[in-house]
$ cat run.cif   # mmCIF, C-alpha atoms
data_start
loop_
_atom_site.label_atom_id
_atom_site.label_comp_id
_atom_site.auth_asym_id
_atom_site.auth_seq_id
_atom_site.Cartn_x
_atom_site.Cartn_y
_atom_site.Cartn_z
CA MET G 1 48.36 -95.17 -158.21
CA PRO G 2 51.07 -95.84 -160.81
CA ALA G 3 49.87 -97.49 -164.01
CA PRO G 4 51.10 -101.08 -164.38
CA THR G 5 54.07 -101.47 -166.68
CA PRO G 6 52.89 -101.95 -170.27
CA PRO G 7 54.11 -104.95 -172.28
CA PRO G 8 57.53 -104.50 -173.92
CA ILE G 9 57.87 -102.95 -177.35
CA SER G 10 59.40 -105.66 -179.51
CA ARG G 11 59.06 -104.54 -183.08
CA VAL G 12 59.91 -101.59 -185.30
CA ILE G 13 57.17 -101.37 -187.90
CA GLU G 14 58.08 -98.17 -189.74
CA THR G 15 61.60 -97.05 -190.56
CA CYS G 16 61.90 -93.75 -192.42
CA LEU G 17 64.22 -91.96 -194.75
CA TYR G 18 63.82 -88.64 -196.54
CA ALA G 19 64.21 -87.83 -200.23
CA GLU G 20 63.03 -84.89 -202.30
CA ASP G 21 63.07 -86.89 -205.54
CA LEU G 22 60.57 -89.65 -204.84
CA ASP G 23 60.71 -91.04 -208.39
CA ALA G 24 64.43 -91.60 -208.02
CA ALA G 25 63.84 -93.17 -204.61
CA GLU G 26 61.27 -95.51 -206.13
CA ARG G 27 63.61 -96.57 -208.90
CA PHE G 28 66.30 -97.26 -206.33
CA TYR G 29 64.32 -99.10 -203.64
CA HIS G 30 61.93 -100.87 -205.98
CA ASP G 31 63.83 -101.47 -209.22
CA ILE G 32 67.28 -102.04 -207.75
CA LEU G 33 66.72 -103.20 -204.16
CA ARG G 34 63.50 -104.93 -205.27
CA LEU G 35 61.35 -103.97 -202.30
CA PRO G 36 57.62 -104.29 -203.07
CA LEU G 37 55.91 -100.92 -203.49
CA ALA G 38 53.12 -100.49 -200.93
CA ALA G 39 51.81 -96.97 -201.50
CA ARG G 40 52.73 -93.67 -203.05
CA GLU G 41 51.45 -90.13 -203.04
CA ALA G 42 53.05 -87.84 -205.61
CA GLY G 43 55.26 -85.24 -204.01
CA ARG G 44 54.72 -86.55 -200.47
CA HIS G 45 55.82 -90.15 -199.99
CA VAL G 46 56.58 -93.58 -201.37
CA PHE G 47 56.24 -96.62 -199.10
CA PHE G 48 57.81 -100.06 -199.45
CA ARG G 49 57.21 -103.32 -197.70
CA CYS G 50 60.26 -105.07 -196.24
CA GLY G 51 59.04 -108.27 -194.62
CA GLU G 52 57.34 -107.35 -191.36
CA CYS G 53 58.52 -103.74 -191.54
CA MET G 54 57.62 -100.79 -193.76
CA LEU G 55 60.28 -98.57 -195.28
CA LEU G 56 58.73 -95.12 -195.62
CA ILE G 57 60.40 -92.49 -197.80
CA PHE G 58 59.03 -89.01 -197.26
CA ASN G 59 59.67 -85.75 -199.06
CA PRO G 60 60.58 -83.44 -196.16
CA ARG G 61 59.48 -80.40 -198.17
CA SER G 62 55.97 -81.80 -197.80
CA THR G 63 55.91 -83.67 -194.49
CA ALA G 64 57.83 -81.09 -192.44
CA ARG G 65 55.56 -78.24 -193.51
CA GLU G 66 52.12 -79.39 -194.61
CA GLU G 67 49.79 -80.67 -191.92
CA THR G 68 47.67 -83.60 -192.96
CA HIS G 69 44.71 -85.13 -191.17
CA VAL G 70 43.07 -88.53 -191.21
CA GLY G 71 39.42 -88.44 -190.17
CA GLY G 72 40.06 -85.16 -188.36
CA ASP G 73 43.12 -86.51 -186.51
CA LEU G 74 46.46 -84.75 -187.01
CA ILE G 75 49.40 -86.57 -188.60
CA PRO G 76 52.32 -84.84 -186.86
CA LEU G 77 54.94 -83.03 -188.90
CA HIS G 78 58.37 -84.56 -189.39
CA GLY G 79 61.11 -84.33 -191.98
CA ALA G 80 64.89 -84.33 -191.83
CA LEU G 81 67.64 -82.98 -194.05
CA GLY G 82 70.98 -84.65 -194.53
CA ALA G 83 71.99 -88.26 -194.92
CA GLY G 84 69.97 -90.78 -192.96
CA HIS G 85 70.87 -94.43 -192.57
CA VAL G 86 69.13 -97.77 -192.81
CA ALA G 87 70.45 -101.34 -192.76
CA PHE G 88 68.86 -104.44 -194.20
CA ALA G 89 69.76 -107.94 -193.07
CA VAL G 90 71.37 -110.12 -195.76
CA THR G 91 72.85 -113.57 -195.19
CA ARG G 92 76.51 -114.43 -195.74
CA GLU G 93 75.48 -116.40 -198.84
CA ALA G 94 73.42 -113.53 -200.28
CA LEU G 95 75.91 -110.71 -199.72
CA PRO G 96 78.19 -111.45 -202.71
CA ARG G 97 75.12 -111.87 -204.92
CA TRP G 98 73.89 -108.44 -203.84
CA GLN G 99 77.35 -107.05 -204.46
CA ALA G 100 77.26 -108.37 -208.05
CA HIS G 101 73.73 -107.03 -208.51
CA LEU G 102 74.72 -103.55 -207.29
CA ARG G 103 77.77 -103.56 -209.55
CA GLN G 104 75.56 -104.42 -212.50
CA ALA G 105 73.15 -101.62 -211.52
CA GLN G 106 76.16 -99.26 -211.39
CA ILE G 107 75.67 -98.46 -207.72
CA PRO G 108 79.12 -97.75 -206.27
CA ILE G 109 80.03 -99.57 -203.08
CA GLU G 110 81.26 -96.89 -200.69
CA SER G 111 82.68 -99.34 -198.19
CA HIS G 112 82.88 -103.06 -197.47
CA VAL G 113 83.36 -103.50 -193.75
CA THR G 114 84.41 -106.64 -191.91
CA TRP G 115 83.36 -106.30 -188.28
CA PRO G 116 85.39 -107.72 -185.37
CA ASN G 117 83.00 -110.68 -185.05
CA GLY G 118 83.35 -111.58 -188.75
CA ALA G 119 80.05 -110.14 -189.98
CA GLU G 120 80.33 -108.05 -193.13
CA SER G 121 78.55 -104.95 -194.39
CA LEU G 122 78.23 -103.32 -197.80
CA TYR G 123 77.57 -99.59 -197.73
CA PHE G 124 76.26 -97.57 -200.65
CA ARG G 125 74.11 -94.46 -201.21
CA ASP G 126 70.53 -94.01 -202.35
CA PRO G 127 69.92 -91.19 -204.86
CA ALA G 128 69.15 -88.75 -202.01
CA GLY G 129 72.50 -89.51 -200.36
CA ASN G 130 71.18 -91.68 -197.55
CA SER G 131 73.62 -94.33 -196.37
CA VAL G 132 72.23 -97.78 -197.11
CA GLU G 133 73.80 -100.90 -195.64
CA LEU G 134 73.40 -104.60 -196.27
CA VAL G 135 74.68 -106.41 -193.22
CA MET G 136 74.89 -109.99 -192.01
CA PRO G 137 72.55 -110.22 -189.03
CA GLU G 138 75.13 -111.97 -186.84
CA LEU G 139 76.71 -108.52 -186.38
CA TRP G 140 74.07 -107.75 -183.78
CA ARG G 141 73.42 -111.28 -182.53
CA ASP G 142 76.73 -111.31 -180.66
CA LEU G 143 76.36 -107.92 -179.04
CA ALA G 144 75.84 -108.14 -175.30
CA ASP G 145 72.55 -106.67 -174.10
CA MET E 146 76.26 -112.04 -218.65
CA PRO E 147 73.83 -110.50 -216.16
CA ALA E 148 74.25 -111.60 -212.56
CA PRO E 149 71.39 -113.78 -211.33
CA THR E 150 68.82 -111.95 -209.22
CA PRO E 151 69.85 -111.99 -205.56
CA PRO E 152 67.43 -113.26 -202.92
CA PRO E 153 64.87 -110.69 -201.73
CA ILE E 154 65.65 -108.34 -198.87
CA SER E 155 63.11 -109.16 -196.19
CA ARG E 156 64.26 -107.50 -193.03
CA VAL E 157 65.22 -104.07 -191.76
CA ILE E 158 67.86 -104.61 -189.10
CA GLU E 159 68.88 -101.04 -188.25
CA THR E 160 66.53 -98.08 -188.04
CA CYS E 161 68.10 -94.76 -187.14
CA LEU E 162 67.24 -91.46 -185.55
CA TYR E 163 69.44 -88.51 -184.69
CA ALA E 164 69.80 -86.65 -181.40
CA GLU E 165 72.49 -84.33 -180.10
CA ASP E 166 71.66 -85.07 -176.45
CA LEU E 167 72.31 -88.80 -176.20
CA ASP E 168 71.75 -88.91 -172.43
CA ALA E 169 68.25 -87.53 -172.92
CA ALA E 170 67.70 -90.03 -175.74
CA GLU E 171 68.80 -92.85 -173.47
CA ARG E 172 66.45 -91.76 -170.69
CA PHE E 173 63.60 -91.62 -173.18
CA TYR E 174 64.15 -94.86 -175.12
CA HIS E 175 65.44 -96.91 -172.21
CA ASP E 176 63.76 -95.55 -169.08
CA ILE E 177 60.41 -94.62 -170.61
CA LEU E 178 60.01 -96.81 -173.72
CA ARG E 179 61.94 -99.58 -171.94
CA LEU E 180 64.05 -100.70 -174.87
CA PRO E 181 67.12 -102.69 -173.78
CA LEU E 182 70.35 -100.74 -174.14
CA ALA E 183 72.75 -102.50 -176.51
CA ALA E 184 75.73 -100.15 -176.80
CA ARG E 185 76.78 -96.59 -176.27
CA GLU E 186 79.70 -94.37 -177.10
CA ALA E 187 79.71 -91.00 -175.35
CA GLY E 188 79.05 -88.17 -177.78
CA ARG E 189 78.56 -90.46 -180.78
CA HIS E 190 75.74 -92.95 -180.36
CA VAL E 191 73.41 -94.97 -178.20
CA PHE E 192 71.96 -98.23 -179.52
CA PHE E 193 68.88 -100.14 -178.41
CA ARG E 194 67.56 -103.57 -179.17
CA CYS E 195 63.96 -103.79 -180.33
CA GLY E 196 63.22 -107.45 -180.93
CA GLU E 197 64.89 -108.45 -184.22
CA CYS E 198 65.77 -104.85 -185.08
CA MET E 199 68.22 -102.33 -183.67
CA LEU E 200 67.23 -98.74 -183.00
CA LEU E 201 70.36 -96.64 -183.46
CA ILE E 202 70.46 -93.07 -182.19
CA PHE E 203 73.39 -91.09 -183.53
CA ASN E 204 74.66 -87.63 -182.72
CA PRO E 205 74.86 -86.05 -186.19
CA ARG E 206 77.53 -83.62 -184.99
CA SER E 207 79.76 -86.66 -184.70
CA THR E 208 78.60 -89.10 -187.39
CA ALA E 209 78.14 -86.55 -190.19
CA ARG E 210 81.64 -85.12 -189.73
CA GLU E 211 84.05 -87.55 -188.12
CA GLU E 212 85.16 -90.51 -190.19
CA THR E 213 85.52 -93.71 -188.25
CA HIS E 214 87.11 -96.97 -189.33
CA VAL E 215 86.77 -100.57 -188.27
CA GLY E 216 89.84 -102.67 -189.00
CA GLY E 217 90.84 -100.14 -191.67
CA ASP E 218 87.40 -100.15 -193.32
CA LEU E 219 85.51 -96.86 -193.57
CA ILE E 220 82.19 -96.39 -191.78
CA PRO E 221 80.47 -93.94 -194.13
CA LEU E 222 79.34 -90.57 -192.84
CA HIS E 223 75.65 -89.91 -192.23
CA GLY E 224 73.64 -87.61 -190.00
CA ALA E 225 70.41 -85.70 -190.46
CA LEU E 226 68.93 -82.59 -188.88
CA GLY E 227 65.25 -82.09 -188.23
CA ALA E 228 62.55 -84.40 -186.97
CA GLY E 229 62.81 -88.01 -188.04
CA HIS E 230 60.13 -90.62 -187.52
CA VAL E 231 59.91 -94.18 -186.25
CA ALA E 232 56.94 -96.40 -185.45
CA PHE E 233 56.79 -99.35 -183.11
CA ALA E 234 54.12 -102.05 -183.34
CA VAL E 235 51.83 -102.28 -180.30
CA THR E 236 48.74 -104.46 -180.04
CA ARG E 237 45.22 -103.11 -179.55
CA GLU E 238 45.30 -104.42 -175.97
CA ALA E 239 48.66 -102.79 -175.19
CA LEU E 240 47.96 -99.35 -176.68
CA PRO E 241 45.87 -97.96 -173.78
CA ARG E 242 48.43 -99.30 -171.31
CA TRP E 243 51.17 -97.44 -173.16
CA GLN E 244 48.97 -94.35 -173.21
CA ALA E 245 48.65 -94.50 -169.41
CA HIS E 246 52.39 -95.13 -169.06
CA LEU E 247 53.25 -92.12 -171.23
CA ARG E 248 50.82 -89.93 -169.28
CA GLN E 249 52.48 -91.00 -166.05
CA ALA E 250 55.90 -90.22 -167.55
CA GLN E 251 54.55 -86.78 -168.53
CA ILE E 252 55.11 -87.37 -172.24
CA PRO E 253 52.43 -85.39 -174.08
CA ILE E 254 50.46 -87.27 -176.73
CA GLU E 255 50.62 -85.09 -179.83
CA SER E 256 47.95 -87.00 -181.68
CA HIS E 257 45.81 -90.12 -181.40
CA VAL E 258 44.88 -91.22 -184.91
CA THR E 259 42.23 -93.73 -185.91
CA TRP E 260 43.00 -94.95 -189.42
CA PRO E 261 40.32 -95.84 -191.98
CA ASN E 262 40.81 -99.56 -191.32
CA GLY E 263 40.32 -99.13 -187.56
CA ALA E 264 43.98 -99.34 -186.52
CA GLU E 265 45.07 -96.65 -184.06
CA SER E 266 48.27 -94.71 -183.53
CA LEU E 267 49.65 -92.64 -180.68
CA TYR E 268 52.15 -89.96 -181.68
CA PHE E 269 54.53 -88.23 -179.32
CA ARG E 270 58.01 -86.67 -179.43
CA ASP E 271 61.37 -87.85 -178.19
CA PRO E 272 63.56 -85.21 -176.48
CA ALA E 273 65.24 -84.38 -179.82
CA GLY E 274 61.87 -83.70 -181.44
CA ASN E 275 61.68 -86.90 -183.47
CA SER E 276 58.13 -88.10 -184.09
CA VAL E 277 57.59 -91.44 -182.35
CA GLU E 278 54.53 -93.54 -183.05
CA LEU E 279 53.01 -96.60 -181.42
CA VAL E 280 50.73 -98.24 -183.98
CA MET E 281 48.62 -101.35 -184.21
CA PRO E 282 50.27 -103.55 -186.84
CA GLU E 283 46.98 -104.20 -188.66
CA LEU E 284 47.38 -100.72 -190.16
CA TRP E 285 49.83 -102.17 -192.66
CA ARG E 286 48.47 -105.68 -192.87
CA ASP E 287 45.51 -104.52 -194.93
CA LEU E 288 47.46 -102.41 -197.36
CA ALA E 289 47.57 -103.90 -200.85
CA ASP E 290 51.06 -104.72 -202.09
#
$ encode --input "run.cif" --output "structure tokens"
Amino acid sequence: MPAPTPPPISRVIETCLYAEDLDAAERFYHDILRLPLAAREAGRHVFFRCGECMLLIFNPRSTAREETHVGGDLIPLHGALGAGHVAFAVTREALPRWQAHLRQAQIPIESHVTWPNGAESLYFRDPAGNSVELVMPELWRDLAD
Amino acid sequence: MPAPTPPPISRVIETCLYAEDLDAAERFYHDILRLPLAAREAGRHVFFRCGECMLLIFNPRSTAREETHVGGDLIPLHGALGAGHVAFAVTREALPRWQAHLRQAQIPIESHVTWPNGAESLYFRDPAGNSVELVMPELWRDLAD
């Protein structure tokens, strides 16, 4: 007998990026982007809280190779190389304030995109080369499902 | 004069994974995980809605190499190789229903973790090898900021 359909998944709770230099990642995401630090393990990871979601930065040299266990249960290996991407929602009012803040922190803006529906994005890089975006949430609100 | 501190970032709006076979990714995230399809461009990307967040799956062979523009503005290159990771929040009541659903879909559970605070996670792989987790949100609720 087929199992009944489970309830829909409606929330991403962990979004991940990879960085070998976790200290640099912490300076960037905590000191510049001002995300609250949630946990860190030297050489392995640094975790940040972002509202209801967690931003997890892993060192792929550790997490792609070294098996870890919690209470005997395996934490599966993962770890990517190359530029990942994450976007944070920022209101139309906040975007120019973030732009000024990034300028002051000497973070170059790689691109400032105006989307067809009028939403705007700022793109810049974290120290590991990941592409970070601040985007007005109406970008996605208008997209047909 | 220093710019005033911008308002806090409180929301991840795009979380990304990479997959070369976007059709397989669509079957997995849409047909099995039942995320609503939001957009797709053959060979480049397939996007899903997950509540307030977007799950974006990109083909790194396209997005890491081929510059695209929107209205003359550059969309920066990104694209990673190797297993990424994402976690979706699932309640304690829903987790066993998802476990049964995955079994029926013949998706092997790589690990079932019970965390020190009692929260549980199911780990499995998407067709590209990314590590996908369904986790009870209380895992992160108890973590000190």
$ residues_around --input "run.cif" --residues "range 77-89 of chain G" --least-positions-apart "2" --cutoff "7 Å" --atoms "only C-alpha atoms" --output "PyMOL selection string"
(chain G and resi 17-18+60+63-65+67+75+91+129-137) or (chain E and resi 154+156-161+223-230+276)
$ closest_residue --input "run.cif" --among "E:Glu186, E:Glu238, E:Glu165, E:Glu211" --to "chain G" --atoms "only C-alpha atoms"
E:Glu238
$ atom_distance --input "run.cif" --atom1 "CA of Ala273 in chain E" --atom2 "CA of Ala164 in chain E"
5.3 Å
$ closest_residue --input "run.cif" --among "E:Cys198, E:Val191, E:Ala169, E:Ile177" --to "chain G" --atoms "all atoms listed in the file"
E:Cys198
$ atom_distance --input "run.cif" --atom1 "CA of Asp23 in chain G" --atom2 "CA of Pro151 in chain E"
23.0 Å
$ closest_residue --input "run.cif" --among "E:His175, E:Val258, E:Ala170, E:Asn204" --to "chain G" --atoms "only C-alpha atoms"
E:Val258
$ atom_distance --input "run.cif" --atom1 "CA of Arg270 in chain E" --atom2 "CA of Ser10 in chain G"
19.0 Å
$ decode --input "run.cif" --residues "range 236-253 of chain E" --atoms "C-alpha atoms" --output "short mmCIF file (atom, residue, chain, number, x, y, z; two decimals), in the first residue's frame"
data_model
loop_
_atom_site.label_atom_id
_atom_site.label_comp_id
_atom_site.auth_asym_id
_atom_site.auth_seq_id
_atom_site.Cartn_x
_atom_site.Cartn_y
_atom_site.Cartn_z
CA THR E 236 8.43 18.57 12.12
CA ARG E 237 8.77 15.58 14.44
CA GLU E 238 5.36 14.36 13.24
CA ALA E 239 6.28 14.68 9.55
CA LEU E 240 9.72 13.05 9.69
CA PRO E 241 8.54 9.40 9.75
CA ARG E 242 6.08 10.16 6.95
CA TRP E 243 8.93 11.54 4.85
CA GLN E 244 11.00 8.50 5.74
CA ALA E 245 8.24 6.22 4.41
CA HIS E 246 7.86 8.39 1.31
CA LEU E 247 11.59 8.24 0.56
CA ARG E 248 11.62 4.47 1.06
CA GLN E 249 8.76 4.15 -1.40
CA ALA E 250 10.64 6.36 -3.87
CA GLN E 251 13.67 4.08 -3.41
CA ILE E 252 15.85 6.88 -2.08
CA PRO E 253 18.32 5.30 0.34
#
